[in-house]
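Everything on this sheet refers to the single structure shown next.
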Amino acid sequence: ATNRTFTMIKPDAVEKGHIGGILSMITEAGFRIVALKLTQLTVADAKEFYAVHSERPFYDELVTFMSRGAIVAAILEKDNAVEDFRTLIGATNPADAAEGTIRKKYATSMGENAVHGSDSDENAAIESAFHFAGREQF
Ligand code: CMP
């Protein structure tokens, strides 16, 4: 079925000038962009967005990283969007990411891994609502 996922181009990839390259890979893979903005997470936003990871040893590093600069937030639509987008982005650790994936091409490390993709339809809806009002979704 056609459904939606949520993505962020993370600060590492924005800093390196990869917004255009990553959006090209996304649209060439058949995703339709239905919401898009350049924005920045506050420390409080990043803590809330990643609350599920709050007990992990990398949580503080993750919050600092994700709030340090501009990100691109977007909602994407496609058949099987959540699963297909996770395939397109590749493994969390770029050393394990398959050829042709966004992280293989653009990620730096396990933490600074260029892109986020929702892990379920439920989280896609929560994350989309965190960033976009209804009138910003097309
Ligand atoms: P993502 O899977 O999008 O969401 C959780 C993030 O936590 C992950 O991307 C990485 O950015 C970060 N992360 C996961 N594991 C580690 C780790 N071992 N060290 C630092 N950051 C990590």
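Going through the structure tokens in order, the chains are called A, B, and so on, while each chain numbers its residues from 1 and the ligands are numbered from 1 in the order shown.
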*If you count only C-alpha atoms and all ligand atoms, which residues end up within 12 Å of ligand 1, as a PyMOL selection string?*
chain A and resi 6-13+46-47+49-67+85-86+89-94+103+107-119
*Counting only C-alpha atoms, what is within 8 Å of Leu36 (chain A), bar same-chain residues fewer than 6 positions away, as a ChimeraX atom specification?*
/A:72-75
Would you save the residues of that selection, restricted to C-alpha atoms, as a PDB file, in the first residue's frame?
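New file part24.pdb:
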```pdb
ATOM      1  CA  VAL A  72      16.559  18.819   6.434  1.00  0.00           C
ATOM      2  CA  ALA A  73      13.284  17.266   7.608  1.00  0.00           C
ATOM      3  CA  ALA A  74      11.031  15.588   5.043  1.00  0.00           C
ATOM      4  CA  ILE A  75       8.038  13.307   4.673  1.00  0.00           C
TER       5      ILE A  75
END
```
_Backbone DSSP call of strand (DSSP E) for region 23-69 of chain A, listed as number ranges by chain_ = A: 32-39
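Picture a line from CA of Asp79 (chain A) to CA of Gly21 (chain A); it runs 22.3 Å.
For the pair CA of Ser24 (chain A) and CA of Val82 (chain A), the interatomic distance is 18.0 Å.
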*asked:* Nearest residue to Lys78 (chain A) out of A:Ala129, A:Ile26, A:Gly20, A:Thr42, using only C-alpha atoms?
replied: A:Ile26
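Non-sequential neighbours of Asn3 (chain A) (distance at most 12 Å, separation of 3 or more positions within a chain, only C-alpha atoms) are A:Phe6, A:Phe31, A:Arg32, A:Ile33, A:Val34, A:Ile75, A:Leu76, A:Glu77, A:Lys78, A:Asp79, A:Asn80, A:Ala81, A:Val82, A:Glu83, A:Asp84, A:Phe85, A:Ser120, A:Asp121, A:Glu122, A:Ala124, A:Ala125.
If you measure from each of A:Val14, A:Ala29, A:Leu38, A:Ala44 to Gly100 (chain A) using only C-alpha atoms, the closest one turns out to be A:Ala29.
Residue nearest Leu41 (chain A) within the list A:His131, A:Glu15, A:Arg4, A:Leu23: A:His131 [criterion: smallest interatomic distance, only C-alpha atoms].
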*Report the residues of region 20-64 of chain A whose backbone DSSP state falls under helix (DSSP H, G or I), written as a list in words.*
Gly20, Gly21, Ile22, Leu23, Ser24, Met25, Ile26, Thr27, Glu28, Val43, Ala44, Asp45, Ala46, Lys47, Glu48, Phe49, Ala51, Val52, His53, Tyr59, Asp60, Glu61, Leu62, Val63 and Thr64 of chain A
*Measure the distance from CA of Ile71 (chain A) to CA of Gln40 (chain A) in Å and round it to one decimal.*
5.6 Å
*Which one of A:Ala1, A:Thr39, A:Leu88, A:Glu48 sits closest to Glu127 (chain A) if you count only C-alpha atoms?*
A:Glu48
